[in-house]
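Q: My file is start.pdb. It has PDB, C-alpha atoms (C1' of nucleotides):
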ATOM      1  CA  MET A   2     109.661  91.450 165.507
ATOM      2  CA  PRO A   3     108.644  92.338 161.999
ATOM      3  CA  GLN A   4     111.999  92.236 160.280
ATOM      4  CA  GLU A   5     110.585  94.242 157.435
ATOM      5  CA  SER A   6     114.139  95.380 156.855
ATOM      6  CA  ASN A   7     113.262  98.999 156.471
ATOM      7  CA  SER A   8     115.062  99.880 153.337
ATOM      8  CA  LEU A   9     112.296 102.449 153.175
ATOM      9  CA  LEU A  10     113.736 104.332 156.113
ATOM     10  CA  HIS A  11     116.526 105.488 153.836
ATOM     11  CA  GLY A  12     116.629 109.248 153.763
ATOM     12  CA  THR A  13     113.844 109.839 156.250
ATOM     13  CA  LEU A  14     115.738 109.156 159.453
ATOM     14  CA  ASP A  15     117.309 112.604 159.601
ATOM     15  CA  ALA A  16     113.987 114.343 159.298
ATOM     16  CA  LEU A  17     112.417 112.118 161.939
ATOM     17  CA  VAL A  18     115.210 112.841 164.400
ATOM     18  CA  LEU A  19     115.103 116.571 163.743
ATOM     19  CA  LYS A  20     111.383 116.567 164.237
ATOM     20  CA  THR A  21     111.792 114.839 167.572
ATOM     21  CA  LEU A  22     113.960 117.699 168.770
ATOM     22  CA  VAL A  23     111.477 120.433 167.924
ATOM     23  CA  THR A  24     109.767 120.099 171.291
ATOM     24  CA  GLY A  25     113.045 120.437 173.148
ATOM     25  CA  PRO A  26     116.441 118.750 173.692
ATOM     26  CA  ARG A  27     116.542 115.002 173.997
ATOM     27  CA  HIS A  28     119.253 112.363 174.266
ATOM     28  CA  GLY A  29     119.834 109.721 171.618
ATOM     29  CA  TYR A  30     118.243 106.823 173.375
ATOM     30  CA  ALA A  31     115.111 108.846 174.072
ATOM     31  CA  ILE A  32     114.927 109.980 170.464
ATOM     32  CA  ALA A  33     114.850 106.400 169.255
ATOM     33  CA  ARG A  34     112.234 105.357 171.810
ATOM     34  CA  TRP A  35     110.088 108.370 170.978
ATOM     35  CA  ILE A  36     110.047 107.694 167.251
ATOM     36  CA  GLU A  37     109.205 104.057 167.820
ATOM     37  CA  GLU A  38     106.403 104.917 170.157
ATOM     38  CA  ALA A  39     105.048 107.661 167.902
ATOM     39  CA  THR A  40     104.793 105.191 165.040
ATOM     40  CA  ASP A  41     103.225 102.422 167.124
ATOM     41  CA  GLU A  42     106.442 100.432 166.976
ATOM     42  CA  LEU A  43     106.233 100.288 163.194
ATOM     43  CA  LEU A  44     109.577 101.994 162.743
ATOM     44  CA  GLN A  45     112.484 100.436 164.607
ATOM     45  CA  ILE A  46     115.399 102.797 165.087
ATOM     46  CA  GLU A  47     118.590 100.768 165.354
ATOM     47  CA  GLU A  48     121.343 102.291 167.447
ATOM     48  CA  GLY A  49     123.829 101.536 164.704
ATOM     49  CA  SER A  50     121.806 103.835 162.496
ATOM     50  CA  LEU A  51     120.930 106.437 165.060
ATOM     51  CA  TYR A  52     124.298 107.413 166.487
ATOM     52  CA  PRO A  53     126.046 107.787 163.135
ATOM     53  CA  ALA A  54     123.079 109.873 162.031
ATOM     54  CA  LEU A  55     123.478 112.111 165.051
ATOM     55  CA  TYR A  56     127.186 112.673 164.344
ATOM     56  CA  ARG A  57     126.416 113.385 160.725
ATOM     57  CA  MET A  58     123.872 116.011 161.629
ATOM     58  CA  GLU A  59     126.108 117.490 164.286
ATOM     59  CA  ARG A  60     128.894 117.852 161.728
ATOM     60  CA  LYS A  61     126.465 119.586 159.414
ATOM     61  CA  GLY A  62     125.458 121.988 162.146
ATOM     62  CA  TRP A  63     121.836 120.889 162.306
ATOM     63  CA  ILE A  64     122.047 119.850 165.949
ATOM     64  CA  GLU A  65     124.313 120.528 168.918
ATOM     65  CA  ALA A  66     125.254 118.158 171.713
ATOM     66  CA  GLU A  67     125.940 118.683 175.370
ATOM     67  CA  TRP A  68     126.569 116.202 178.153
ATOM     68  CA  GLY A  69     123.973 116.129 180.849
ATOM     69  CA  MET A  70     121.700 113.842 182.768
ATOM     70  CA  SER A  71     118.728 111.789 181.649
ATOM     71  CA  GLU A  72     115.420 111.700 183.455
ATOM     72  CA  LEU A  73     116.617 108.488 185.096
ATOM     73  CA  ASN A  74     119.746 110.058 186.455
ATOM     74  CA  ARG A  75     122.133 108.583 183.976
ATOM     75  CA  ARG A  76     124.802 110.399 181.991
ATOM     76  CA  ALA A  77     123.406 111.279 178.607
ATOM     77  CA  LYS A  78     124.267 113.418 175.604
ATOM     78  CA  LEU A  79     121.529 115.938 175.025
ATOM     79  CA  TYR A  80     120.933 117.057 171.472
ATOM     80  CA  ARG A  81     119.452 120.423 170.641
ATOM     81  CA  LEU A  82     118.092 121.715 167.340
ATOM     82  CA  THR A  83     119.950 124.648 165.775
ATOM     83  CA  PRO A  84     118.333 127.285 163.546
ATOM     84  CA  LYS A  85     120.065 125.614 160.626
ATOM     85  CA  GLY A  86     118.559 122.310 161.679
ATOM     86  CA  ARG A  87     115.166 123.891 161.830
ATOM     87  CA  LYS A  88     115.505 125.061 158.251
ATOM     88  CA  GLN A  89     116.730 121.650 157.213
ATOM     89  CA  LEU A  90     113.734 120.030 158.838
ATOM     90  CA  ALA A  91     111.377 122.321 156.981
ATOM     91  CA  ALA A  92     113.068 121.514 153.685
ATOM     92  CA  GLU A  93     113.066 117.771 154.270
ATOM     93  CA  THR A  94     109.481 117.776 155.424
ATOM     94  CA  GLU A  95     108.415 119.583 152.289
ATOM     95  CA  GLN A  96     110.428 117.144 150.196
ATOM     96  CA  TRP A  97     108.939 114.166 151.980
ATOM     97  CA  ALA A  98     105.411 115.429 151.469
ATOM     98  CA  ARG A  99     105.936 115.805 147.751
ATOM     99  CA  PHE A 100     107.725 112.498 147.424
ATOM    100  CA  ALA A 101     105.127 110.601 149.409
ATOM    101  CA  ALA A 102     102.322 112.151 147.393
ATOM    102  CA  ALA A 103     104.009 111.190 144.140
ATOM    103  CA  VAL A 104     104.667 107.608 145.150
ATOM    104  CA  SER A 105     101.218 107.174 146.617
ATOM    105  CA  LYS A 106      99.668 108.535 143.461
ATOM    106  CA  VAL A 107     101.394 105.854 141.441
ATOM    107  CA  LEU A 108     101.184 102.994 143.886
ATOM    108  CA  LEU A 109      97.858 103.321 145.598
ATOM    109  CA  PRO A 110      94.598 102.693 143.774
ATOM    110  CA  ALA A 111      93.201 105.862 142.281
TER     111      ALA A 111
ATOM    112  CA  MET B   3     116.309 119.859 137.074
ATOM    113  CA  PRO B   4     115.808 119.408 140.778
ATOM    114  CA  GLN B   5     118.851 117.400 141.826
ATOM    115  CA  GLU B   6     117.050 116.461 144.995
ATOM    116  CA  SER B   7     119.295 113.409 145.049
ATOM    117  CA  ASN B   8     116.514 110.997 145.811
ATOM    118  CA  SER B   9     117.874 109.060 148.678
ATOM    119  CA  LEU B  10     114.182 108.721 149.401
ATOM    120  CA  LEU B  11     113.700 106.545 146.362
ATOM    121  CA  HIS B  12     115.541 103.796 148.214
ATOM    122  CA  GLY B  13     113.303 100.796 148.482
ATOM    123  CA  THR B  14     110.398 102.176 146.521
ATOM    124  CA  LEU B  15     111.788 101.753 143.028
ATOM    125  CA  ASP B  16     110.920  98.081 142.833
ATOM    126  CA  ALA B  17     107.312  98.693 143.712
ATOM    127  CA  LEU B  18     107.036 101.528 141.233
ATOM    128  CA  VAL B  19     108.400  99.399 138.432
ATOM    129  CA  LEU B  20     106.173  96.453 139.295
ATOM    130  CA  LYS B  21     103.180  98.736 139.368
ATOM    131  CA  THR B  22     104.049 100.023 135.918
ATOM    132  CA  LEU B  23     103.826  96.499 134.573
ATOM    133  CA  VAL B  24     100.358  95.774 135.916
ATOM    134  CA  THR B  25      98.730  97.237 132.836
ATOM    135  CA  GLY B  26     100.818  95.079 130.536
ATOM    136  CA  PRO B  27     104.385  94.404 129.392
ATOM    137  CA  ARG B  28     106.684  97.356 128.887
ATOM    138  CA  HIS B  29     110.350  97.826 128.075
ATOM    139  CA  GLY B  30     112.801  99.468 130.453
ATOM    140  CA  TYR B  31     113.018 102.811 128.779
ATOM    141  CA  ALA B  32     109.247 103.110 128.676
ATOM    142  CA  ILE B  33     108.967 102.156 132.343
ATOM    143  CA  ALA B  34     111.241 105.007 133.325
ATOM    144  CA  ARG B  35     109.419 107.519 131.131
ATOM    145  CA  TRP B  36     106.050 106.375 132.455
ATOM    146  CA  ILE B  37     107.009 106.766 136.114
ATOM    147  CA  GLU B  38     108.456 110.199 135.474
ATOM    148  CA  GLU B  39     105.376 111.307 133.651
ATOM    149  CA  ALA B  40     103.023 109.833 136.229
ATOM    150  CA  THR B  41     104.767 111.806 138.967
ATOM    151  CA  ASP B  42     104.871 115.055 137.004
ATOM    152  CA  GLU B  43     108.604 114.670 136.547
ATOM    153  CA  LEU B  44     109.125 114.736 140.305
ATOM    154  CA  LEU B  45     110.789 111.341 140.302
ATOM    155  CA  GLN B  46     113.697 110.942 137.926
ATOM    156  CA  ILE B  47     114.499 107.326 137.155
ATOM    157  CA  GLU B  48     118.179 107.045 136.320
ATOM    158  CA  GLU B  49     119.110 104.260 133.943
ATOM    159  CA  GLY B  50     121.934 103.253 136.223
ATOM    160  CA  SER B  51     119.303 102.530 138.856
ATOM    161  CA  LEU B  52     116.656 101.106 136.586
ATOM    162  CA  TYR B  53     118.498  98.368 134.753
ATOM    163  CA  PRO B  54     120.148  96.854 137.816
ATOM    164  CA  ALA B  55     116.719  96.919 139.452
ATOM    165  CA  LEU B  56     115.233  95.039 136.519
ATOM    166  CA  TYR B  57     117.906  92.342 136.697
ATOM    167  CA  ARG B  58     117.419  92.059 140.423
ATOM    168  CA  MET B  59     113.711  91.531 140.035
ATOM    169  CA  GLU B  60     114.162  89.118 137.170
ATOM    170  CA  ARG B  61     116.510  87.036 139.322
ATOM    171  CA  LYS B  62     113.906  87.002 142.047
ATOM    172  CA  GLY B  63     111.270  85.827 139.621
ATOM    173  CA  TRP B  64     109.071  88.881 139.933
ATOM    174  CA  ILE B  65     109.313  89.757 136.256
ATOM    175  CA  GLU B  66     110.221  88.016 133.030
ATOM    176  CA  ALA B  67     111.964  89.459 130.011
ATOM    177  CA  GLU B  68     111.599  88.809 126.323
ATOM    178  CA  TRP B  69     113.170  90.521 123.354
ATOM    179  CA  GLY B  70     110.780  92.268 121.070
ATOM    180  CA  MET B  71     110.063  95.542 119.380
ATOM    181  CA  SER B  72     109.149  98.914 120.822
ATOM    182  CA  GLU B  73     106.331 101.074 119.535
ATOM    183  CA  LEU B  74     108.959 102.957 117.538
ATOM    184  CA  ASN B  75     110.216  99.842 115.834
ATOM    185  CA  ARG B  76     113.363  99.481 117.820
ATOM    186  CA  ARG B  77     114.691  96.377 119.486
ATOM    187  CA  ALA B  78     113.581  96.360 123.097
ATOM    188  CA  LYS B  79     113.441  94.010 126.043
ATOM    189  CA  LEU B  80     109.864  93.632 127.178
ATOM    190  CA  TYR B  81     109.257  92.938 130.832
ATOM    191  CA  ARG B  82     106.203  91.107 132.056
ATOM    192  CA  LEU B  83     104.851  90.736 135.582
ATOM    193  CA  THR B  84     104.792  87.190 137.005
ATOM    194  CA  PRO B  85     102.271  85.952 139.576
ATOM    195  CA  LYS B  86     105.075  86.096 142.121
ATOM    196  CA  GLY B  87     105.723  89.691 141.121
ATOM    197  CA  ARG B  88     102.089  90.502 141.566
ATOM    198  CA  LYS B  89     102.185  89.188 145.098
ATOM    199  CA  GLN B  90     105.359  91.111 145.767
ATOM    200  CA  LEU B  91     103.740  94.285 144.514
ATOM    201  CA  ALA B  92     100.791  93.782 146.825
ATOM    202  CA  ALA B  93     103.108  93.251 149.770
ATOM    203  CA  GLU B  94     105.269  96.258 148.998
ATOM    204  CA  THR B  95     102.283  98.469 148.402
ATOM    205  CA  GLU B  96     100.858  97.517 151.758
ATOM    206  CA  GLN B  97     104.215  98.116 153.376
ATOM    207  CA  TRP B  98     104.576 101.494 151.701
ATOM    208  CA  ALA B  99     101.131 102.601 152.810
ATOM    209  CA  ARG B 100     101.897 101.787 156.405
ATOM    210  CA  PHE B 101     105.339 103.306 156.296
ATOM    211  CA  ALA B 102     104.150 106.503 154.639
ATOM    212  CA  ALA B 103     101.334 106.871 157.135
ATOM    213  CA  ALA B 104     103.742 106.428 160.045
ATOM    214  CA  VAL B 105     106.272 108.930 158.755
ATOM    215  CA  SER B 106     103.617 111.438 157.809
ATOM    216  CA  LYS B 107     102.068 111.130 161.222
ATOM    217  CA  VAL B 108     105.355 112.112 162.820
ATOM    218  CA  LEU B 109     106.549 114.642 160.291
ATOM    219  CA  LEU B 110     103.503 116.491 159.124
ATOM    220  CA  PRO B 111     101.620 118.889 161.393
ATOM    221  CA  ALA B 112      98.865 117.155 163.272
TER     222      ALA B 112
ATOM    223  C1'  DC C  23     122.994 111.974 101.920
ATOM    224  C1'  DC C  24     124.672 112.750 106.225
ATOM    225  C1'  DC C  25     124.333 114.044 110.829
ATOM    226  C1'  DG C  26     122.139 114.959 115.095
ATOM    227  C1'  DT C  27     118.630 113.657 118.288
ATOM    228  C1'  DA C  28     115.857 110.470 120.534
ATOM    229  C1'  DT C  29     115.317 105.880 121.538
ATOM    230  C1'  DA C  30     116.945 101.707 123.932
ATOM    231  C1'  DC C  31     120.213  99.036 126.331
ATOM    232  C1'  DC C  32     124.344  98.113 129.361
ATOM    233  C1'  DT C  33     128.306  98.556 132.852
ATOM    234  C1'  DT C  34     131.802 100.232 136.140
ATOM    235  C1'  DG C  35     133.007 102.576 140.326
ATOM    236  C1'  DA C  36     132.001 105.434 143.984
ATOM    237  C1'  DC C  37     129.213 106.858 147.673
ATOM    238  C1'  DT C  38     125.954 106.976 151.197
ATOM    239  C1'  DA C  39     123.269 105.166 154.722
ATOM    240  C1'  DC C  40     121.536 101.550 157.075
ATOM    241  C1'  DC C  41     122.064  97.121 159.745
ATOM    242  C1'  DT C  42     124.356  93.448 162.387
ATOM    243  C1'  DA C  43     126.756  92.438 166.047
ATOM    244  C1'  DG C  44     129.607  93.266 168.924
ATOM    245  C1'  DG C  45     131.432  96.282 173.002
ATOM    246  C1'  DT C  46     131.514  99.536 177.708
ATOM    247  C1'  DA C  47     129.420 101.518 181.864
ATOM    248  C1'  DT C  48     125.866 102.633 185.240
ATOM    249  C1'  DT C  49     121.462 102.504 187.761
ATOM    250  C1'  DG C  50     118.045 100.159 190.289
ATOM    251  C1'  DC C  51     115.449  96.254 191.517
ATOM    252  C1'  DG C  52     114.481  91.581 193.022
TER     253       DG C  52
ATOM    254  C1'  DC D  22     124.621  89.939 194.060
ATOM    255  C1'  DG D  23     123.201  89.497 189.579
ATOM    256  C1'  DC D  24     120.359  90.879 185.948
ATOM    257  C1'  DA D  25     117.594  93.971 183.133
ATOM    258  C1'  DA D  26     117.160  98.396 181.410
ATOM    259  C1'  DT D  27     119.357 102.506 180.267
ATOM    260  C1'  DA D  28     122.751 105.025 177.495
ATOM    261  C1'  DC D  29     126.529 105.350 174.503
ATOM    262  C1'  DC D  30     129.902 103.775 170.849
ATOM    263  C1'  DT D  31     132.092 101.385 166.650
ATOM    264  C1'  DA D  32     133.743  98.160 162.956
ATOM    265  C1'  DG D  33     132.455  95.762 159.008
ATOM    266  C1'  DG D  34     129.268  94.318 155.740
ATOM    267  C1'  DT D  35     125.719  95.220 152.414
ATOM    268  C1'  DA D  36     122.463  97.141 149.340
ATOM    269  C1'  DG D  37     120.745 100.466 146.355
ATOM    270  C1'  DT D  38     121.357 104.726 143.955
ATOM    271  C1'  DC D  39     123.928 107.852 140.981
ATOM    272  C1'  DA D  40     127.324 109.667 137.718
ATOM    273  C1'  DA D  41     129.405 108.892 133.750
ATOM    274  C1'  DG D  42     130.730 106.513 130.604
ATOM    275  C1'  DG D  43     129.707 103.218 126.435
ATOM    276  C1'  DT D  44     127.055 100.745 122.047
ATOM    277  C1'  DA D  45     123.589 100.667 118.406
ATOM    278  C1'  DT D  46     119.700 102.031 115.514
ATOM    279  C1'  DA D  47     115.672 104.697 113.534
ATOM    280  C1'  DC D  48     114.230 108.895 111.765
ATOM    281  C1'  DG D  49     113.896 113.654 110.399
ATOM    282  C1'  DG D  50     115.973 117.974 108.772
ATOM    283  C1'  DG D  51     119.243 120.480 106.374
TER     284       DG D  51
END
If you convert what's in this file into structure tokens, what do you get?

A:
Amino acid sequence: MPQESNSLLHGTLDALVLKTLVTGPRHGYAIARWIEEATDELLQIEEGSLYPALYRMERKGWIEAEWGMSELNRRAKLYRLTPKGRKQLAAETEQWARFAAAVSKVLLPA
Amino acid sequence: MPQESNSLLHGTLDALVLKTLVTGPRHGYAIARWIEEATDELLQIEEGSLYPALYRMERKGWIEAEWGMSELNRRAKLYRLTPKGRKQLAAETEQWARFAAAVSKVLLPA
DNA sequence: CCCGTATACCTTGACTACCTAGGTATTGCG
DNA sequence: CGCAATACCTAGGTAGTCAAGGTATACGGG
């Protein structure tokens, strides 16, 4: 358990979640697992961060929720990307790319 | 003035400041200007973020301060990197590299 | 000579977002 | 039957950034 205390995650969680939904609707728990797996367990998505993030984005109209069933036959809330969310993802991705490039330019050896 | 509201900056400011001090002591104002310039004005370092960050890092023993004079003959507090700060910078740089790679891998097109 | 701008520092209060640490309920397996 | 994994939810704390104020001084232009 690397308790790296991801203060770095700040501001990127939304984009990561939105990205996860591009390939189709997913429920919260699956979103978290997917991100963790996709980053080789480097990023840990805490549920106390995830669910508030989902409500936030739902309020903003970036995603829409619907009750359904998970692959394992359990009740689950399926989140779907809206057109607005798609635009938001594009914007945040662009912003991330520029930010990451800037920080890397300063931090990493030339 | 892109008010991108850098929630992304969270967690990276310390490393950026430490990095600025590698080439020698600098005062706060100069640190901010240097980072902004080095990132083509993409990152804006607000003074309300910078000074608290400097105190934080001084308390943690990563930097040391001393009153002196700026290049323009004004009173200025010069910050110097400590060995502990150098180690911290190395750690945070490593952490940033891994984090950025992970996020980019998810976010940016394959 | 005075006044505005840039330099240089500092602080308060609000806000946002994340984390910790709890909780509920259900499925399926040993 | 009990336990682990799944799936969701929330309250409270905390940390870091920002906005918006403030002080003081050097220097150049009008």

Q: Which of these, C:DA28, C:DA39, C:DC51, C:DC23, has the shortest distance to D:DC48 once you count only C-alpha atoms (C1' of nucleotides)?

A: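 Under the stated criterion, the closest residue is C:DA28.
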
Q: Onto chain B, please fit chain A by least squares using all C-alpha atoms in order, then return the transformed chain as a PDB file with C-alpha atoms, in the coordinates of the input.

A:
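Just written: selection-v5.pdb:
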ATOM      1  CA  MET A   2     116.776 119.808 137.031  1.00  0.00           C
ATOM      2  CA  PRO A   3     115.984 119.542 140.695  1.00  0.00           C
ATOM      3  CA  GLN A   4     118.937 117.515 141.876  1.00  0.00           C
ATOM      4  CA  GLU A   5     117.058 116.630 145.007  1.00  0.00           C
ATOM      5  CA  SER A   6     119.244 113.552 145.100  1.00  0.00           C
ATOM      6  CA  ASN A   7     116.435 111.180 145.808  1.00  0.00           C
ATOM      7  CA  SER A   8     117.796 109.239 148.675  1.00  0.00           C
ATOM      8  CA  LEU A   9     114.106 108.853 149.394  1.00  0.00           C
ATOM      9  CA  LEU A  10     113.648 106.631 146.377  1.00  0.00           C
ATOM     10  CA  HIS A  11     115.486 103.916 148.263  1.00  0.00           C
ATOM     11  CA  GLY A  12     113.312 100.856 148.522  1.00  0.00           C
ATOM     12  CA  THR A  13     110.393 102.188 146.523  1.00  0.00           C
ATOM     13  CA  LEU A  14     111.795 101.748 143.037  1.00  0.00           C
ATOM     14  CA  ASP A  15     110.925  98.062 142.839  1.00  0.00           C
ATOM     15  CA  ALA A  16     107.322  98.666 143.737  1.00  0.00           C
ATOM     16  CA  LEU A  17     107.027 101.515 141.249  1.00  0.00           C
ATOM     17  CA  VAL A  18     108.401  99.376 138.435  1.00  0.00           C
ATOM     18  CA  LEU A  19     106.170  96.439 139.301  1.00  0.00           C
ATOM     19  CA  LYS A  20     103.183  98.710 139.379  1.00  0.00           C
ATOM     20  CA  THR A  21     104.032 100.003 135.932  1.00  0.00           C
ATOM     21  CA  LEU A  22     103.822  96.478 134.574  1.00  0.00           C
ATOM     22  CA  VAL A  23     100.360  95.757 135.935  1.00  0.00           C
ATOM     23  CA  THR A  24      98.705  97.220 132.854  1.00  0.00           C
ATOM     24  CA  GLY A  25     100.783  95.066 130.541  1.00  0.00           C
ATOM     25  CA  PRO A  26     104.375  94.388 129.396  1.00  0.00           C
ATOM     26  CA  ARG A  27     106.666  97.326 128.878  1.00  0.00           C
ATOM     27  CA  HIS A  28     110.338  97.806 128.057  1.00  0.00           C
ATOM     28  CA  GLY A  29     112.792  99.428 130.439  1.00  0.00           C
ATOM     29  CA  TYR A  30     113.023 102.782 128.791  1.00  0.00           C
ATOM     30  CA  ALA A  31     109.244 103.094 128.689  1.00  0.00           C
ATOM     31  CA  ILE A  32     108.971 102.124 132.339  1.00  0.00           C
ATOM     32  CA  ALA A  33     111.254 104.961 133.350  1.00  0.00           C
ATOM     33  CA  ARG A  34     109.441 107.495 131.170  1.00  0.00           C
ATOM     34  CA  TRP A  35     106.073 106.350 132.480  1.00  0.00           C
ATOM     35  CA  ILE A  36     107.021 106.729 136.128  1.00  0.00           C
ATOM     36  CA  GLU A  37     108.466 110.160 135.498  1.00  0.00           C
ATOM     37  CA  GLU A  38     105.395 111.281 133.665  1.00  0.00           C
ATOM     38  CA  ALA A  39     103.026 109.802 136.244  1.00  0.00           C
ATOM     39  CA  THR A  40     104.755 111.781 138.974  1.00  0.00           C
ATOM     40  CA  ASP A  41     104.876 115.034 137.007  1.00  0.00           C
ATOM     41  CA  GLU A  42     108.617 114.671 136.556  1.00  0.00           C
ATOM     42  CA  LEU A  43     109.121 114.725 140.312  1.00  0.00           C
ATOM     43  CA  LEU A  44     110.781 111.328 140.341  1.00  0.00           C
ATOM     44  CA  GLN A  45     113.710 110.907 137.975  1.00  0.00           C
ATOM     45  CA  ILE A  46     114.496 107.293 137.185  1.00  0.00           C
ATOM     46  CA  GLU A  47     118.176 106.998 136.327  1.00  0.00           C
ATOM     47  CA  GLU A  48     119.093 104.228 133.925  1.00  0.00           C
ATOM     48  CA  GLY A  49     121.916 103.195 136.213  1.00  0.00           C
ATOM     49  CA  SER A  50     119.286 102.475 138.824  1.00  0.00           C
ATOM     50  CA  LEU A  51     116.638 101.058 136.567  1.00  0.00           C
ATOM     51  CA  TYR A  52     118.468  98.321 134.699  1.00  0.00           C
ATOM     52  CA  PRO A  53     120.126  96.803 137.762  1.00  0.00           C
ATOM     53  CA  ALA A  54     116.715  96.877 139.415  1.00  0.00           C
ATOM     54  CA  LEU A  55     115.215  95.004 136.495  1.00  0.00           C
ATOM     55  CA  TYR A  56     117.888  92.285 136.659  1.00  0.00           C
ATOM     56  CA  ARG A  57     117.413  92.004 140.386  1.00  0.00           C
ATOM     57  CA  MET A  58     113.699  91.492 140.023  1.00  0.00           C
ATOM     58  CA  GLU A  59     114.150  89.097 137.140  1.00  0.00           C
ATOM     59  CA  ARG A  60     116.507  87.003 139.261  1.00  0.00           C
ATOM     60  CA  LYS A  61     113.916  86.973 142.007  1.00  0.00           C
ATOM     61  CA  GLY A  62     111.260  85.803 139.594  1.00  0.00           C
ATOM     62  CA  TRP A  63     109.061  88.870 139.928  1.00  0.00           C
ATOM     63  CA  ILE A  64     109.292  89.749 136.244  1.00  0.00           C
ATOM     64  CA  GLU A  65     110.202  87.990 133.006  1.00  0.00           C
ATOM     65  CA  ALA A  66     111.938  89.447 129.977  1.00  0.00           C
ATOM     66  CA  GLU A  67     111.596  88.796 126.292  1.00  0.00           C
ATOM     67  CA  TRP A  68     113.156  90.529 123.316  1.00  0.00           C
ATOM     68  CA  GLY A  69     110.753  92.286 121.046  1.00  0.00           C
ATOM     69  CA  MET A  70     110.056  95.572 119.374  1.00  0.00           C
ATOM     70  CA  SER A  71     109.138  98.944 120.820  1.00  0.00           C
ATOM     71  CA  GLU A  72     106.324 101.099 119.536  1.00  0.00           C
ATOM     72  CA  LEU A  73     108.945 103.015 117.561  1.00  0.00           C
ATOM     73  CA  ASN A  74     110.240  99.946 115.828  1.00  0.00           C
ATOM     74  CA  ARG A  75     113.379  99.558 117.832  1.00  0.00           C
ATOM     75  CA  ARG A  76     114.680  96.405 119.483  1.00  0.00           C
ATOM     76  CA  ALA A  77     113.576  96.379 123.083  1.00  0.00           C
ATOM     77  CA  LYS A  78     113.423  94.008 126.031  1.00  0.00           C
ATOM     78  CA  LEU A  79     109.849  93.625 127.155  1.00  0.00           C
ATOM     79  CA  TYR A  80     109.254  92.918 130.812  1.00  0.00           C
ATOM     80  CA  ARG A  81     106.194  91.090 132.040  1.00  0.00           C
ATOM     81  CA  LEU A  82     104.858  90.718 135.574  1.00  0.00           C
ATOM     82  CA  THR A  83     104.786  87.185 136.994  1.00  0.00           C
ATOM     83  CA  PRO A  84     102.273  85.951 139.583  1.00  0.00           C
ATOM     84  CA  LYS A  85     105.085  86.093 142.111  1.00  0.00           C
ATOM     85  CA  GLY A  86     105.735  89.683 141.122  1.00  0.00           C
ATOM     86  CA  ARG A  87     102.102  90.478 141.574  1.00  0.00           C
ATOM     87  CA  LYS A  88     102.212  89.166 145.118  1.00  0.00           C
ATOM     88  CA  GLN A  89     105.387  91.091 145.772  1.00  0.00           C
ATOM     89  CA  LEU A  90     103.767  94.268 144.536  1.00  0.00           C
ATOM     90  CA  ALA A  91     100.826  93.774 146.851  1.00  0.00           C
ATOM     91  CA  ALA A  92     103.143  93.234 149.803  1.00  0.00           C
ATOM     92  CA  GLU A  93     105.307  96.244 149.024  1.00  0.00           C
ATOM     93  CA  THR A  94     102.320  98.459 148.431  1.00  0.00           C
ATOM     94  CA  GLU A  95     100.878  97.508 151.785  1.00  0.00           C
ATOM     95  CA  GLN A  96     104.246  98.133 153.412  1.00  0.00           C
ATOM     96  CA  TRP A  97     104.600 101.490 151.717  1.00  0.00           C
ATOM     97  CA  ALA A  98     101.155 102.587 152.826  1.00  0.00           C
ATOM     98  CA  ARG A  99     101.911 101.787 156.436  1.00  0.00           C
ATOM     99  CA  PHE A 100     105.355 103.325 156.308  1.00  0.00           C
ATOM    100  CA  ALA A 101     104.159 106.500 154.642  1.00  0.00           C
ATOM    101  CA  ALA A 102     101.338 106.858 157.142  1.00  0.00           C
ATOM    102  CA  ALA A 103     103.738 106.445 160.043  1.00  0.00           C
ATOM    103  CA  VAL A 104     106.257 108.950 158.753  1.00  0.00           C
ATOM    104  CA  SER A 105     103.592 111.448 157.807  1.00  0.00           C
ATOM    105  CA  LYS A 106     102.043 111.143 161.230  1.00  0.00           C
ATOM    106  CA  VAL A 107     105.321 112.137 162.817  1.00  0.00           C
ATOM    107  CA  LEU A 108     106.504 114.662 160.281  1.00  0.00           C
ATOM    108  CA  LEU A 109     103.439 116.492 159.115  1.00  0.00           C
ATOM    109  CA  PRO A 110     101.545 118.868 161.377  1.00  0.00           C
ATOM    110  CA  ALA A 111      98.771 117.113 163.234  1.00  0.00           C
TER     111      ALA A 111
END

Q: Set out as JSON lines a contact list for chain A and chain D with a cut-off of 8 Å, giving each residue of chain A that qualifies its closest atom pair and distance in Å to one decimal, counting all atoms listed in the file, ordered by chain and rising residue number.

A:
{"residue": "A:Tyr30", "atom": "CA", "partner": "D:DA28", "partner_atom": "C1'", "distance": 6.4}
{"residue": "A:Tyr52", "atom": "CA", "partner": "D:DC30", "partner_atom": "C1'", "distance": 8.0}
{"residue": "A:Arg75", "atom": "CA", "partner": "D:DA28", "partner_atom": "C1'", "distance": 7.4}
{"residue": "A:Arg76", "atom": "CA", "partner": "D:DA28", "partner_atom": "C1'", "distance": 7.3}
{"residue": "A:Ala77", "atom": "CA", "partner": "D:DA28", "partner_atom": "C1'", "distance": 6.4}

Q: What's around stretch 10-26 of chain B at 6 Å? Count all atoms listed in the file, leave out sequence neighbours fewer than 2 positions away in its own chain, and write the answer as an MDAnalysis selection string.

A: (chainID A and resid 8:9 11:12) or (chainID B and resid 8 83 91)

Q: Hey, what's within 9 Å of A:Gln45 if we count all atoms listed in the file and toss same-chain stuff fewer than 6 positions away? As a list in words, please?

A: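 What passes the distance filter is Asn7, Ala33, Arg34, Ile36 and Glu37 of chain A.
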
Q: As an exercise, work out the distance from atom CA of A:Glu72 to atom CA of B:Leu110 in Å and give it to one decimal place.

A: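 Between atom CA of A:Glu72 and atom CA of B:Leu110 the gap is 27.5 Å.
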
Q: Write out as AutoDock Vina command-line options an axis-aligned box for stretch 29-35 of chain D: all of its atoms listed in the file, 5 Å added on each side, centre and edge lengths in Å with one decimal.

A:
--center_x 129.7 --center_y 99.8 --center_z 163.5 --size_x 18.0 --size_y 21.0 --size_z 32.1
